Every structure is written in C-alpha cells, then in structure tokens.
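Coordinates from start-v5.txt are shown below (compact mmCIF, C-alpha atoms).
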# COMPACT_ATOMS: atom_id res chain seq x y z
CA MET B 1 33.93 44.36 86.21
CA ASN B 2 33.14 46.64 89.01
CA PRO B 3 31.09 44.69 91.57
CA GLU B 4 29.65 47.89 92.98
CA VAL B 5 28.04 48.67 89.65
CA ILE B 6 26.36 45.26 89.58
CA LEU B 7 25.22 45.61 93.15
CA ALA B 8 23.85 49.04 92.47
CA ALA B 9 22.01 47.76 89.43
CA GLU B 10 20.56 44.83 91.33
CA GLU B 11 19.45 46.99 94.17
CA LYS B 12 17.76 49.33 91.80
CA MET B 13 16.05 46.68 89.73
CA ASN B 14 13.49 44.03 90.48
CA PRO B 15 12.69 42.30 87.19
CA LEU B 16 9.12 41.54 88.33
CA LEU B 17 8.23 45.16 89.03
CA PRO B 18 6.99 46.96 85.95
CA ALA B 19 8.25 50.46 85.28
CA TRP B 20 5.21 52.62 84.68
CA PRO B 21 6.59 54.68 81.81
CA GLU B 22 7.30 51.44 80.02
CA VAL B 23 3.81 50.10 80.69
CA ILE B 24 2.38 53.28 79.22
CA ILE B 25 4.63 53.22 76.18
CA GLY B 26 3.93 49.50 75.63
CA LEU B 27 0.18 50.05 75.85
CA LEU B 28 0.38 53.07 73.61
CA CYS B 29 2.29 51.08 71.01
CA PHE B 30 -0.17 48.24 71.25
CA PHE B 31 -3.16 50.52 70.85
CA ILE B 32 -1.57 52.24 67.88
CA VAL B 33 -1.06 48.84 66.26
CA PHE B 34 -4.53 47.70 67.24
CA GLY B 35 -6.10 50.97 66.10
CA ILE B 36 -4.56 50.97 62.66
CA LEU B 37 -4.93 47.25 62.08
CA GLY B 38 -8.38 46.98 63.63
CA LYS B 39 -9.89 50.09 62.07
CA LYS B 40 -8.41 50.02 58.62
CA LEU B 41 -6.15 47.18 57.53
CA LEU B 42 -7.86 44.07 58.83
CA PRO B 43 -11.38 45.10 57.76
CA SER B 44 -10.06 45.82 54.29
CA ILE B 45 -8.36 42.43 53.96
CA GLU B 46 -11.36 40.72 55.51
CA LYS B 47 -13.54 42.34 52.87
CA VAL B 48 -11.25 41.12 50.11
CA LEU B 49 -11.11 37.63 51.58
CA GLN B 50 -14.90 37.62 51.72
CA GLU B 51 -15.06 38.82 48.12
CA ARG B 52 -12.64 36.12 47.09
CA ARG B 53 -14.68 33.50 48.91
CA ASP B 54 -17.79 34.81 47.19
CA ALA B 55 -16.03 34.80 43.84
CA ILE B 56 -14.97 31.18 44.27
CA GLU B 57 -18.28 30.08 45.65
CA GLY B 58 -20.08 32.23 43.08
CA GLY B 59 -18.08 30.56 40.33
CA MET B 60 -19.03 27.16 41.64
CA GLU B 61 -22.60 28.26 41.95
CA ARG B 62 -22.61 29.57 38.41
CA ALA B 63 -21.14 26.31 37.15
CA GLU B 64 -23.79 24.41 39.03
CA THR B 65 -26.52 26.62 37.63
CA ALA B 66 -25.16 26.17 34.12
CA GLN B 67 -25.05 22.44 34.58
CA ALA B 68 -28.57 22.35 35.90
CA GLU B 69 -29.67 24.49 32.99
CA ALA B 70 -27.95 22.19 30.52
CA GLN B 71 -29.57 19.22 32.20
CA ALA B 72 -32.97 20.87 32.00
CA LEU B 73 -32.39 21.70 28.36
CA LEU B 74 -31.40 18.12 27.65
CA GLU B 75 -34.51 16.89 29.36
CA GLN B 76 -36.56 19.30 27.34
CA TYR B 77 -34.96 18.20 24.09
CA ARG B 78 -35.52 14.60 24.97
CA ALA B 79 -39.12 15.29 25.78
CA GLU B 80 -39.54 17.20 22.56
CA LEU B 81 -37.89 14.42 20.60
CA ALA B 82 -40.16 11.86 22.17
CA GLU B 83 -43.11 14.09 21.43
CA ALA B 84 -41.98 14.50 17.85
CA ARG B 85 -41.58 10.75 17.45
CA HIS B 86 -44.97 10.21 18.92
CA GLU B 87 -46.41 12.83 16.61
CA ALA B 88 -44.72 11.25 13.61
CA ALA B 89 -46.09 7.86 14.56
CA ARG B 90 -49.53 9.35 14.99
CA ILE B 91 -49.35 11.08 11.61
CA THR B 92 -48.14 7.91 9.93
CA GLU B 93 -50.93 5.96 11.54
CA HIS B 94 -53.43 8.58 10.51
CA ALA B 95 -52.10 8.61 6.96
CA ARG B 96 -52.27 4.84 6.83
CA GLU B 97 -55.83 4.90 8.03
CA GLN B 98 -56.71 7.63 5.62
CA GLY B 99 -55.05 5.73 2.78
CA ALA B 100 -56.90 2.60 3.68
CA ALA B 101 -60.17 4.49 3.80
CA LEU B 102 -59.36 6.11 0.46
CA VAL B 103 -58.56 2.76 -1.10
CA ALA B 104 -61.74 1.29 0.25
CA GLU B 105 -63.70 4.25 -1.06
CA MET B 106 -62.05 3.99 -4.45
CA ARG B 107 -62.75 0.32 -4.54
CA GLU B 108 -66.37 0.93 -3.73
CA GLU B 109 -66.53 3.64 -6.35
CA GLY B 110 -64.95 1.32 -8.90
CA GLN B 111 -67.40 -1.37 -7.96
CA ARG B 112 -70.25 1.02 -8.31
CA GLN B 113 -69.02 2.27 -11.68
CA ARG B 114 -68.47 -1.22 -12.89
CA GLU B 115 -71.94 -2.15 -11.86
CA ALA B 116 -73.29 0.92 -13.54
CA ILE B 117 -71.36 0.12 -16.70
CA VAL B 118 -72.44 -3.49 -16.59
CA ALA B 119 -76.02 -2.44 -16.02
CA ALA B 120 -75.82 0.01 -18.89
CA GLY B 121 -74.34 -2.72 -21.05
CA HIS B 122 -77.11 -5.07 -20.13
CA ALA B 123 -79.72 -2.47 -20.91
CA GLN B 124 -78.04 -1.75 -24.21
CA ILE B 125 -77.89 -5.40 -25.02
CA GLU B 126 -81.51 -5.81 -24.04
CA ALA B 127 -82.52 -2.87 -26.16
CA ASP B 128 -80.42 -4.12 -29.10
CA LYS B 129 -81.87 -7.53 -28.65
CA LYS B 130 -85.37 -6.14 -28.64
CA GLN B 131 -84.62 -4.06 -31.65
CA ALA B 132 -82.95 -6.97 -33.38
CA THR B 133 -85.87 -9.19 -32.47
CA ALA B 134 -88.32 -6.64 -33.84
CA ALA B 135 -86.24 -6.18 -36.99
CA LEU B 136 -85.80 -9.91 -37.34
CA ARG B 137 -89.44 -10.49 -36.86
CA GLN B 138 -90.31 -8.02 -39.53
CA ASP B 139 -87.67 -9.40 -41.89
CA VAL B 140 -88.69 -12.98 -41.21
CA GLY B 141 -92.34 -11.96 -41.84
CA SER B 142 -91.56 -10.20 -45.10
CA LEU B 143 -89.24 -13.01 -46.20
CA ALA B 144 -91.82 -15.63 -45.40
CA SER B 145 -94.55 -13.71 -47.16
CA GLN B 146 -92.30 -13.11 -50.17
CA LEU B 147 -91.46 -16.80 -50.23
CA ALA B 148 -95.10 -17.69 -49.93
CA SER B 149 -95.99 -15.19 -52.68
CA ARG B 150 -93.49 -16.85 -54.98
CA ILE B 151 -94.90 -20.17 -54.19
CA VAL B 152 -98.54 -19.06 -54.44
CA GLY B 153 -97.84 -16.66 -57.23
CA GLU B 154 -99.52 -13.65 -56.01
CA SER B 155 -98.78 -11.04 -53.62
CA LEU B 156 -99.79 -12.02 -50.17
CA GLU B 157 -97.82 -9.40 -48.58
CA ASP B 158 -100.47 -6.82 -47.91
CA HIS B 159 -102.98 -9.37 -47.01
CA ALA B 160 -100.78 -11.21 -44.71
CA ARG B 161 -99.73 -8.06 -43.11
CA GLN B 162 -103.29 -6.90 -42.76
CA SER B 163 -104.49 -10.10 -41.33
CA GLY B 164 -101.58 -10.34 -38.81
CA VAL B 165 -101.10 -13.96 -39.75
CA ILE B 166 -97.40 -13.72 -39.63
CA ASP B 167 -97.44 -12.04 -36.28
CA ARG B 168 -99.68 -14.62 -34.84
CA PHE B 169 -97.50 -17.37 -36.24
CA LEU B 170 -94.40 -15.82 -34.87
CA ASP B 171 -96.04 -15.33 -31.49
CA GLU B 172 -96.96 -18.91 -31.43
CA LEU B 173 -93.40 -19.87 -32.27
CA GLU B 174 -92.12 -17.71 -29.48
CA ALA B 175 -94.61 -19.10 -27.07
CA LYS B 176 -93.50 -22.61 -27.99
CA ALA B 177 -89.88 -21.69 -27.59
CA ALA B 178 -90.67 -20.10 -24.27
CA ALA B 179 -92.59 -23.13 -23.16
CA SER B 180 -89.80 -25.48 -24.13
CA ALA B 181 -87.33 -23.20 -22.38
CA GLY B 182 -89.61 -23.14 -19.34
CA ALA B 183 -89.90 -26.95 -19.42
CA LYS B 184 -86.24 -27.35 -19.51
CA MET J 1 23.19 45.57 75.25
CA GLY J 2 24.15 45.58 78.89
CA ALA J 3 26.55 48.42 78.89
CA ASP J 4 28.89 47.20 81.60
CA VAL J 5 29.37 43.75 80.15
CA GLN J 6 29.84 45.13 76.70
CA LEU J 7 32.49 47.47 78.04
CA ALA J 8 34.23 44.67 79.85
CA SER J 9 34.26 42.60 76.65
CA GLU J 10 35.46 45.45 74.52
CA ALA J 11 38.17 46.10 77.02
CA GLY J 12 39.53 42.74 76.03
CA CYS J 13 38.75 40.82 79.16
CA HIS J 14 39.76 37.29 78.24
CA LEU J 15 40.72 34.12 80.02
CA ASN J 16 44.23 34.39 81.42
CA SER J 17 44.20 38.17 80.99
CA GLY J 18 43.85 38.72 84.66
CA CYS J 19 40.18 39.49 84.98
CA GLY J 20 37.37 37.26 86.21
CA PHE J 21 34.43 36.09 84.11
CA PRO J 22 32.10 39.06 83.67
CA ALA J 23 28.98 37.05 84.44
CA PRO J 24 25.91 38.72 82.95
CA GLY J 25 23.04 39.25 85.33
CA LEU J 26 20.11 41.53 85.89
CA ASN J 27 22.25 44.37 84.65
CA GLU J 28 21.67 42.90 81.20
CA PHE J 29 18.08 44.08 81.48
CA ASP J 30 18.80 47.51 82.85
CA PHE J 31 19.60 50.21 80.35
CA LYS J 32 21.10 53.59 80.59
CA PRO J 33 18.58 56.13 79.36
CA ILE J 34 19.02 57.36 75.81
CA PHE J 35 17.57 60.64 76.98
CA THR J 36 15.50 61.86 79.87
CA VAL J 37 12.34 63.92 79.60
CA GLY J 38 10.84 65.39 82.75
CA GLY J 39 12.50 62.84 84.99
CA VAL J 40 11.35 59.92 82.79
CA ASP J 41 14.13 57.92 81.23
CA PHE J 42 13.71 56.92 77.65
CA THR J 43 15.48 53.61 77.26
CA LYS J 44 16.33 51.12 74.56
CA PRO J 45 13.35 48.78 75.23
CA MET J 46 11.01 51.75 74.80
CA LEU J 47 12.65 52.61 71.51
CA LEU J 48 12.42 48.98 70.46
CA SER J 49 8.74 48.74 71.37
CA ILE J 50 8.03 51.80 69.25
CA ILE J 51 10.05 50.31 66.39
CA CYS J 52 8.09 47.05 66.78
CA ALA J 53 4.77 48.86 66.60
CA VAL J 54 5.95 50.72 63.52
CA LEU J 55 7.18 47.48 61.95
CA VAL J 56 3.87 45.70 62.49
CA VAL J 57 1.91 48.63 61.12
CA VAL J 58 4.23 49.06 58.13
CA PHE J 59 4.16 45.37 57.32
CA PHE J 60 0.39 45.16 57.39
CA TRP J 61 0.08 48.48 55.65
CA ALA J 62 2.25 47.17 52.82
CA THR J 63 0.30 43.95 52.61
CA PHE J 64 -3.29 44.96 53.34
CA ALA J 65 -3.66 48.65 52.53
CA LYS J 66 -4.61 47.99 48.94
CA PRO J 67 -5.66 44.37 49.00
CA LYS J 68 -6.30 42.61 45.72
CA LEU J 69 -8.67 39.81 44.93
CA VAL J 70 -5.77 37.98 43.32
CA PRO J 71 -3.04 38.57 45.90
CA GLY J 72 0.58 39.45 45.22
CA LYS J 73 3.40 37.65 47.02
CA LEU J 74 3.55 40.04 49.95
CA GLN J 75 -0.19 39.98 50.38
CA ILE J 76 -0.12 36.18 50.46
CA VAL J 77 2.41 36.27 53.28
CA GLY J 78 0.24 38.71 55.21
CA GLU J 79 -2.85 36.66 54.55
CA ILE J 80 -1.17 33.50 55.79
CA GLY J 81 -0.20 35.26 59.03
CA TYR J 82 -3.63 36.77 59.47
CA ASP J 83 -5.40 33.56 58.63
CA PHE J 84 -3.19 31.58 60.98
CA VAL J 85 -4.10 33.71 63.98
CA LYS J 86 -7.71 34.02 62.95
CA ARG J 87 -8.39 30.36 62.25
CA SER J 88 -5.85 28.35 64.24
CA ILE J 89 -6.07 30.46 67.36
CA VAL J 90 -9.11 32.66 67.66
CA LEU J 91 -11.88 30.81 65.84
CA GLU J 92 -10.51 27.47 67.01
CA THR J 93 -10.69 28.57 70.64
CA ILE J 94 -13.69 30.88 70.76
CA GLY J 95 -15.70 29.68 67.79
CA LYS J 96 -17.88 31.76 65.53
CA LYS J 97 -18.48 34.37 68.25
CA GLY J 98 -14.75 35.09 68.23
CA GLU J 99 -14.96 36.93 64.91
CA LYS J 100 -15.32 40.23 66.81
CA TYR J 101 -12.06 39.79 68.71
CA VAL J 102 -9.93 38.79 65.73
CA PRO J 103 -8.47 42.28 65.11
CA MET J 104 -7.40 42.72 68.72
CA LEU J 105 -5.85 39.27 68.97
CA VAL J 106 -4.17 39.50 65.58
CA SER J 107 -2.64 42.84 66.56
CA MET J 108 -1.57 41.37 69.87
CA PHE J 109 -0.02 38.29 68.31
CA PHE J 110 2.11 40.15 65.80
CA PHE J 111 3.08 42.86 68.25
CA VAL J 112 4.19 40.32 70.84
CA TRP J 113 5.93 38.17 68.26
CA ILE J 114 7.98 40.99 66.77
CA MET J 115 8.88 42.23 70.27
CA ASN J 116 10.15 38.73 71.04
CA ILE J 117 11.99 38.47 67.73
CA MET J 118 13.93 41.62 68.62
CA SER J 119 15.94 39.25 70.81
CA ILE J 120 17.87 37.95 67.82
CA ILE J 121 17.83 40.93 65.47
CA PRO J 122 21.37 42.33 65.21
CA PHE J 123 21.82 45.64 67.04
CA ALA J 124 18.46 45.27 68.74
CA GLN J 125 19.32 41.97 70.39
CA PHE J 126 16.88 42.41 73.19
CA PRO J 127 13.47 40.82 73.63
CA VAL J 128 11.21 43.68 74.61
CA MET J 129 8.90 41.25 76.37
CA SER J 130 11.69 40.45 78.84
CA ARG J 131 10.93 43.80 80.47
CA ILE J 132 7.89 42.86 82.55
CA ALA J 133 6.18 46.18 81.89
CA TYR J 134 5.26 45.17 78.33
CA PRO J 135 3.67 41.79 79.13
CA VAL J 136 1.96 43.44 82.11
CA GLY J 137 0.42 46.07 79.86
CA LEU J 138 -0.82 43.52 77.36
CA ALA J 139 -2.07 41.16 80.07
CA ALA J 140 -3.96 44.11 81.53
CA VAL J 141 -5.65 44.64 78.16
CA VAL J 142 -6.59 40.96 78.12
CA TRP J 143 -7.79 41.07 81.72
CA VAL J 144 -9.95 44.15 81.16
CA THR J 145 -11.45 42.53 78.08
CA TYR J 146 -12.03 39.30 79.99
CA MET J 147 -13.74 41.01 82.90
CA THR J 148 -15.78 43.38 80.74
CA LEU J 149 -17.09 40.55 78.59
CA THR J 150 -17.85 38.35 81.58
CA PHE J 151 -19.94 40.96 83.37
CA LYS J 152 -21.51 42.30 80.22
CA LYS J 153 -22.63 38.87 79.14
CA HIS J 154 -23.81 37.47 82.48
CA GLY J 155 -24.53 40.53 84.62
CA PHE J 156 -22.82 41.07 87.96
CA VAL J 157 -24.03 37.97 89.83
CA GLY J 158 -23.97 35.77 86.74
CA GLY J 159 -20.50 37.05 85.95
CA LEU J 160 -19.23 36.20 89.40
CA LYS J 161 -20.85 32.81 89.13
CA ASN J 162 -19.21 32.30 85.74
CA LEU J 163 -15.87 33.23 87.25
CA CYS J 164 -15.93 31.08 90.35
CA TRP J 165 -18.75 28.55 90.30
CA PRO J 166 -17.66 25.49 88.30
CA SER J 167 -20.47 23.20 87.22
CA GLY J 168 -20.93 19.52 87.95
CA ILE J 169 -19.16 19.62 91.31
CA PRO J 170 -20.73 18.29 94.52
CA GLY J 171 -21.77 21.03 96.95
CA TRP J 172 -19.29 20.44 99.75
CA VAL J 173 -16.29 20.79 97.42
CA MET J 174 -17.51 24.26 96.57
CA PHE J 175 -16.23 25.57 99.92
CA ILE J 176 -12.72 24.92 98.72
CA LEU J 177 -13.22 25.33 95.02
CA VAL J 178 -15.03 28.65 94.84
CA PRO J 179 -12.28 30.69 96.51
CA ILE J 180 -9.69 28.88 94.42
CA GLU J 181 -11.57 29.55 91.21
CA PHE J 182 -12.16 33.15 92.16
CA PHE J 183 -8.52 33.68 92.98
CA SER J 184 -7.34 31.74 89.95
CA ASN J 185 -9.53 33.46 87.39
CA ILE J 186 -9.30 36.99 88.63
CA PHE J 187 -5.76 37.27 89.96
CA VAL J 188 -3.65 34.33 88.89
CA ARG J 189 -4.65 34.28 85.25
CA PRO J 190 -3.46 37.78 84.31
CA PHE J 191 -0.40 37.39 86.50
CA THR J 192 0.70 34.10 84.93
CA LEU J 193 -0.15 35.38 81.47
CA ALA J 194 2.27 38.25 81.93
CA VAL J 195 4.92 36.38 83.86
CA ARG J 196 4.98 33.40 81.48
CA ALA J 197 5.82 35.58 78.51
CA PHE J 198 8.24 37.68 80.51
CA ALA J 199 10.10 34.79 82.13
CA ASN J 200 10.53 32.85 78.91
CA MET J 201 11.99 35.82 77.11
CA PHE J 202 14.05 36.81 80.11
CA ALA J 203 15.57 33.36 80.53
CA GLY J 204 16.13 32.91 76.82
CA HIS J 205 17.92 36.21 76.54
CA LEU J 206 20.04 35.51 79.59
CA LEU J 207 21.09 32.13 78.18
CA ILE J 208 22.15 33.61 74.88
CA VAL J 209 24.04 36.38 76.63
CA VAL J 210 25.80 33.98 78.99
CA PHE J 211 27.06 31.82 76.15
CA SER J 212 27.94 34.78 73.96
CA VAL J 213 29.91 36.47 76.72
CA ALA J 214 31.52 33.18 77.64
CA SER J 215 32.66 32.50 74.08
CA TRP J 216 34.19 35.99 73.97
CA TYR J 217 35.78 35.61 77.38
CA LEU J 218 37.20 32.16 76.59
CA LEU J 219 38.67 33.37 73.32
CA SER J 220 42.38 33.42 74.17
CA PRO J 221 45.50 31.77 72.77
CA SER J 222 45.06 28.65 74.93
CA ILE J 223 42.83 25.62 75.29
CA GLY J 224 40.17 28.20 76.22
CA ALA J 225 39.65 28.90 72.50
CA LEU J 226 38.28 25.37 72.09
CA TYR J 227 35.83 25.87 74.94
CA GLY J 228 35.04 29.27 73.53
CA SER J 229 34.09 27.80 70.18
CA VAL J 230 31.86 25.21 71.88
CA SER J 231 30.23 28.04 73.77
CA PHE J 232 29.73 29.89 70.51
CA VAL J 233 28.04 26.87 68.90
CA VAL J 234 25.73 26.62 71.90
CA ALA J 235 24.94 30.32 71.62
CA ALA J 236 24.11 29.89 67.94
CA GLY J 237 21.96 26.84 68.72
CA LEU J 238 20.17 28.74 71.47
CA THR J 239 19.52 31.57 69.08
CA ALA J 240 17.78 29.17 66.71
CA PHE J 241 15.91 27.68 69.64
CA GLU J 242 14.87 31.13 70.79
CA LEU J 243 13.38 31.77 67.36
CA LEU J 244 11.00 28.93 68.08
CA VAL J 245 10.34 30.04 71.66
CA GLN J 246 9.58 33.58 70.53
CA PHE J 247 6.89 32.34 68.20
CA LEU J 248 5.60 29.87 70.74
CA GLN J 249 5.28 32.49 73.48
CA ALA J 250 3.39 34.86 71.21
CA TYR J 251 1.16 31.94 70.23
CA ILE J 252 0.56 30.91 73.84
CA PHE J 253 -0.12 34.48 74.92
CA VAL J 254 -2.81 34.98 72.30
CA MET J 255 -4.12 31.45 72.72
CA LEU J 256 -4.67 32.02 76.44
CA ALA J 257 -6.22 35.42 75.80
CA SER J 258 -8.62 33.71 73.38
CA SER J 259 -9.47 31.00 75.87
CA TYR J 260 -10.23 33.60 78.55
CA ILE J 261 -12.53 35.41 76.14
CA ALA J 262 -14.11 32.09 75.25
CA GLY J 263 -14.69 31.43 78.95
CA ALA J 264 -16.30 34.84 79.37
CA LEU J 265 -18.62 34.27 76.43
CA GLU J 266 -19.57 30.78 77.56
CA GLU J 267 -23.23 30.21 78.32
CA ALA J 268 -24.05 30.12 81.99
CA HIS J 269 -23.92 26.59 83.33
Encoded form (structure tokens):
Amino acid sequence: MNPEVILAAEEKMNPLLPAWPEVIIGLLCFFIVFGILGKKLLPSIEKVLQERRDAIEGGMERAETAQAEAQALLEQYRAELAEARHEAARITEHAREQGAALVAEMREEGQRQREAIVAAGHAQIEADKKQATAALRQDVGSLASQLASRIVGESLEDHARQSGVIDRFLDELEAKAAASAGAK
Amino acid sequence: MGADVQLASEAGCHLNSGCGFPAPGLNEFDFKPIFTVGGVDFTKPMLLSIICAVLVVVFFWATFAKPKLVPGKLQIVGEIGYDFVKRSIVLETIGKKGEKYVPMLVSMFFFVWIMNIMSIIPFAQFPVMSRIAYPVGLAAVVWVTYMTLTFKKHGFVGGLKNLCWPSGIPGWVMFILVPIEFFSNIFVRPFTLAVRAFANMFAGHLLIVVFSVASWYLLSPSIGALYGSVSFVVAAGLTAFELLVQFLQAYIFVMLASSYIAGALEEAH
C-alpha cells in the first residue's frame, strides 16, 4: 500500500462535504422516482385499493341490505299471516252468527207454518164438525120423525118439518147439554 | 470498491508475505471516475444512484402500472410495501392530512432503502447513502417541504412562532428556549437528518470492508487462517446486520421527514 496515495486521498476528501455533481444527480434521481411514482403509479394503485375497499364494503353493504330486505319481507309475511288468521276468525264468526240467525229464522218459520197448519186443521175440524152436526141433526130429525111415523102410523115428516118441532127439540137438547157443560 | 485496497488484495498481500495490513479508510469512499464530462467526474456512486432510481421505478412499474382489483403475487408485494410506508409511517405520524404527502414519502423511502441495500449487492457493494451528497439532497427536499408547509400554513409570523415558540413554557425560559428551538428546527434538523443516514451507512460499510479485507489478509498457511475465518464470519454477520440497518435507516429517514411535516401542519398553539 502506498501511503502517499492514502494521504492524497484523505487530503482531497472530507466525507462530510457533499460533492455538488452528486447532490444534483441524487436529486435528479429522486425527482425522477417521485415524478413517475407520484404522477402515475401510486395514484393508479391508490385508485385500485379504493375500488377494492369499495367492493368489499359494497359487498357487505349489499349483504346488509339483502338481510334487511329479507327481514322486512318476513315481517310483512308475518303481518299478512296474522291478518289472514284474523280475517279467517272474523269470517268464521260471521258465518256462525249468520248460521245461528238462519236457524232461528227457520225455526220461526217452522213455528209459523206449524201454527198455520194447526190453525187450518182446527178450522177444518170446526167446519167438519159443523157440517157433521148439521148432517147429524137432519138425520136425527128424519130418523126420529120416521120412527114416530111408524109408531103413530102416519107420515109426520112433512108436518114435523113444517112445524120445526124437531129443530126446537134439538135446540133444547143442545141448550141443556150446553148448560150442563157450563155447570161443570 | 476502493481501488487501492482491491489492488493490494489482488496482489496477494497476505500475513507473513511481507506487507502490512492494508487498512481501509476514507479511500474506500473515494472512487476513480468512470468517465469525465466537462470537468465533472462520473463515479460509481452516481451510476449506482441512477441504477437505484431505475430499479425503484421498474419495480413499481411492474407492480402498479396495470393494477388489478384481485392482485397478482407481485402486486401484493408492492402493495405491502406501499401500505407499510403509507400506514405505518405517514398516516401514523401525520394523520389524515398526511394523505397528500404519501407519494413523496413512499418514493423517498424506497429510493433510500434501495440505495442502502446496494451496500450488500454483489458488484455494487457500496451504500450510495454513505456519500453525504445523497442524504444532503434528500434532506434538502425534506427541509424545503418542511419550511414551505410551515409558512404556508401559519403565515410568516405564525410560521416562525410554530418553529421556535413551544407552548406551555413559563415566560422566562423562553429566553433560552426560543433560540434553541429556532436553531434546532431550522438548522439542526436537516443536518442531523442527512448526517444520521450518512454516518450509519458509512460506518456499516467501513465495518464490512475492514473485516472482509482482514479475512483476505489473514488468509495464509499459518494460524492466521483461523483468525481469517473468524473475521469472515464476522463480516458475514455484519452483512446480515447491515441488511437490518439499511431498512431501519430508510425507515427513520422517512419517519423523521413525516414528523417534520406533521409539525408544520400542526395547529398553532
């Protein structure tokens, strides 16, 4: 090792003094790096990172929205189901009421018809009775007068009929019967 | 590599071969010009700094030029690097306002880091940041940014106040403190920023060279070979250690730059 070379080098160089060409080249290099990275490359990656963040957050957001939607739908279905149940109950109730009313009406109608039939029957019976009474009365009269004619030997029929004896007699009988019935 | 030492080694200067230990010194950091243009020497560190710039640009071009929403492997690596500087350094130090300065500080971090890494790349084997000109240039960029932001944000008087009027200090201490703060913020900060990076790389490189040269020098058919191998192991260990220091110095450089910017952007107190 040649000591003069070292000495020369040390004399020439102070490691704390920057050499200006180097400063300029260093700065130039830095600004080239900064320029290309700062203007083009870093904005582009930043954009993609942002997009990715958005995509992830957007995905989460979408999932949340979907869940909320599903929840809302569930609520709606539940509400509708409850409504439907309520409606069904109401309809059943209504039908029951209507049925009851119908039954009552039918019963009333039946009652009314029965009464009408009974009344008609009564009237019929009354009429028949009257008719029968009238027929009986006539028959009894003619029988009695025939019997009396046989006994007396002559025809009393016309006379009796003309005089109204039989009728009177029968009326009296009826009146007696009525009186005894009334006394009872 | 320091031409003289290299020559001495190649000449077969070993223990017991009649020559003294060719101790590496400042000559390690002085290069013969590759070529000279108009009286300006173009040296190896210059070449390396250009290569470093190209490397950073090429790397980020490859990773970020056509970024994809679903990243490929290379893009993931780039994103991790970018995200590390952005989140762990810039946003951590400056906060949300720091978003604007991310590109500058990211560029600075990777540029400084790769220039430091050159220390252990075969054939390069020289940390560019151990030439003070490079840290000085970058520290100047930081300083200009720091000053510009301070005065832009607070105006001239407010800026000065921000630089040298610490809050919550009793009045009489101000007589001492204000000049100190002024001196510290305006002169010491850029100086230490540059010198810290420079000195670390300088010392690291010198250590590796000393042990490398020693292991070569001690390599002789004698007990020296044993010492030489120990020296070699140390050199290898130091190389690994330097890998850490290189990262750390780039980290500290950008971290301090961020904290200066944060100080400039701070609300007046």
Where does chain J meet chain B within 6 Å, residue by residue, with the nearest atom pair and distance in Å to one decimal for each, counting only C-alpha atoms, listed by chain and rising number, as a tab-separated table?
residue	atom	partner	partner_atom	distance
J:Asn27	CA	B:Ala9	CA	5.9
J:Ala53	CA	B:Cys29	CA	5.5
J:Val57	CA	B:Val33	CA	5.9
J:Phe64	CA	B:Leu41	CA	5.5
J:Ala65	CA	B:Leu41	CA	5.8
J:Pro67	CA	B:Ile45	CA	6.0
J:Leu69	CA	B:Arg52	CA	5.8
J:Pro103	CA	B:Gly38	CA	4.9
J:Met104	CA	B:Phe34	CA	5.9
J:Ser107	CA	B:Phe34	CA	5.3
J:Ile132	CA	B:Pro18	CA	5.4
J:Ala133	CA	B:Pro18	CA	4.2
J:Tyr134	CA	B:Gly26	CA	5.3
J:Gly137	CA	B:Val23	CA	5.3
Exercise for the section: Tell me, as a PyMOL selection string, which residues lie within 12 Å of Phe84 in chain J, counting only C-alpha atoms; anything in the same chain fewer than 6 positions away does not count. Expected result: chain J and resi 76-78+90-92+102+105-106+109-110+251+254-255
Include C-alpha atoms and write out the residues we just selected as an mmCIF file, in the frame of the given file.
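Result file part_25.cif:
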data_model
loop_
_atom_site.group_PDB
_atom_site.id
_atom_site.type_symbol
_atom_site.label_atom_id
_atom_site.label_comp_id
_atom_site.auth_asym_id
_atom_site.auth_seq_id
_atom_site.Cartn_x
_atom_site.Cartn_y
_atom_site.Cartn_z
ATOM 1 C CA ILE J 76 -0.120 36.180 50.460
ATOM 2 C CA VAL J 77 2.410 36.270 53.280
ATOM 3 C CA GLY J 78 0.240 38.710 55.210
ATOM 4 C CA VAL J 90 -9.110 32.660 67.660
ATOM 5 C CA LEU J 91 -11.880 30.810 65.840
ATOM 6 C CA GLU J 92 -10.510 27.470 67.010
ATOM 7 C CA VAL J 102 -9.930 38.790 65.730
ATOM 8 C CA LEU J 105 -5.850 39.270 68.970
ATOM 9 C CA VAL J 106 -4.170 39.500 65.580
ATOM 10 C CA PHE J 109 -0.020 38.290 68.310
ATOM 11 C CA PHE J 110 2.110 40.150 65.800
ATOM 12 C CA TYR J 251 1.160 31.940 70.230
ATOM 13 C CA VAL J 254 -2.810 34.980 72.300
ATOM 14 C CA MET J 255 -4.120 31.450 72.720
#
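Relative to CA of Phe191 in chain J, CA of Leu48 in chain J is found at 23.6 Å.
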Handout entry: For CA of Asp54 in chain B and CA of Ala70 in chain B, the interatomic separation in Å (one decimal)
Key = 23.2 Å
Exercise for the section: Excluding range 221-234 of chain J and residues on its chain fewer than 2 positions from it, collect all residues at most 12 Å away from it, counting all atoms listed in the file, and give them as a PyMOL selection string. Expected result: chain J and resi 14-17+207-219+236-242
File of the preceding selection, C-alpha atoms, as a tab-separated table (two decimals), in the frame of the given file:
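Heads up, here's the output in selection-v7.tsv:
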chain	number	residue	atom	x	y	z
J	14	HIS	CA	39.76	37.29	78.24
J	15	LEU	CA	40.72	34.12	80.02
J	16	ASN	CA	44.23	34.39	81.42
J	17	SER	CA	44.20	38.17	80.99
J	207	LEU	CA	21.09	32.13	78.18
J	208	ILE	CA	22.15	33.61	74.88
J	209	VAL	CA	24.04	36.38	76.63
J	210	VAL	CA	25.80	33.98	78.99
J	211	PHE	CA	27.06	31.82	76.15
J	212	SER	CA	27.94	34.78	73.96
J	213	VAL	CA	29.91	36.47	76.72
J	214	ALA	CA	31.52	33.18	77.64
J	215	SER	CA	32.66	32.50	74.08
J	216	TRP	CA	34.19	35.99	73.97
J	217	TYR	CA	35.78	35.61	77.38
J	218	LEU	CA	37.20	32.16	76.59
J	219	LEU	CA	38.67	33.37	73.32
J	236	ALA	CA	24.11	29.89	67.94
J	237	GLY	CA	21.96	26.84	68.72
J	238	LEU	CA	20.17	28.74	71.47
J	239	THR	CA	19.52	31.57	69.08
J	240	ALA	CA	17.78	29.17	66.71
J	241	PHE	CA	15.91	27.68	69.64
J	242	GLU	CA	14.87	31.13	70.79
Exercise for the section: Could you check how far CA of Leu136 in chain B sits from CA of Asp171 in chain B, in Å to one decimal? Expected result: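 About the pair CA of Leu136 in chain B and CA of Asp171 in chain B: they are 13.0 Å apart.
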Practice task
Identify the residues within 12 Å of coordinate (15.1, 42.4, 67.8) (same frame as the file), considering all atoms listed in the file, and give the answer as a PyMOL selection string.
Solution key: chain J and resi 1+44-45+47-52+55+112-130+201+205+239+242-243+246
Completion exercise
Counting all atoms listed in the file, closest pick from B:Glu97, B:Gln111, B:Glu174, B:Ser142 relative to His159 in chain B is B:Ser142
Practice task
Select, from J:Phe35, J:Phe151, J:Phe202, J:Phe60, the residue with the minimum atom-to-atom distance to Phe111 in chain J, counting only C-alpha atoms.
Solution key: J:Phe60
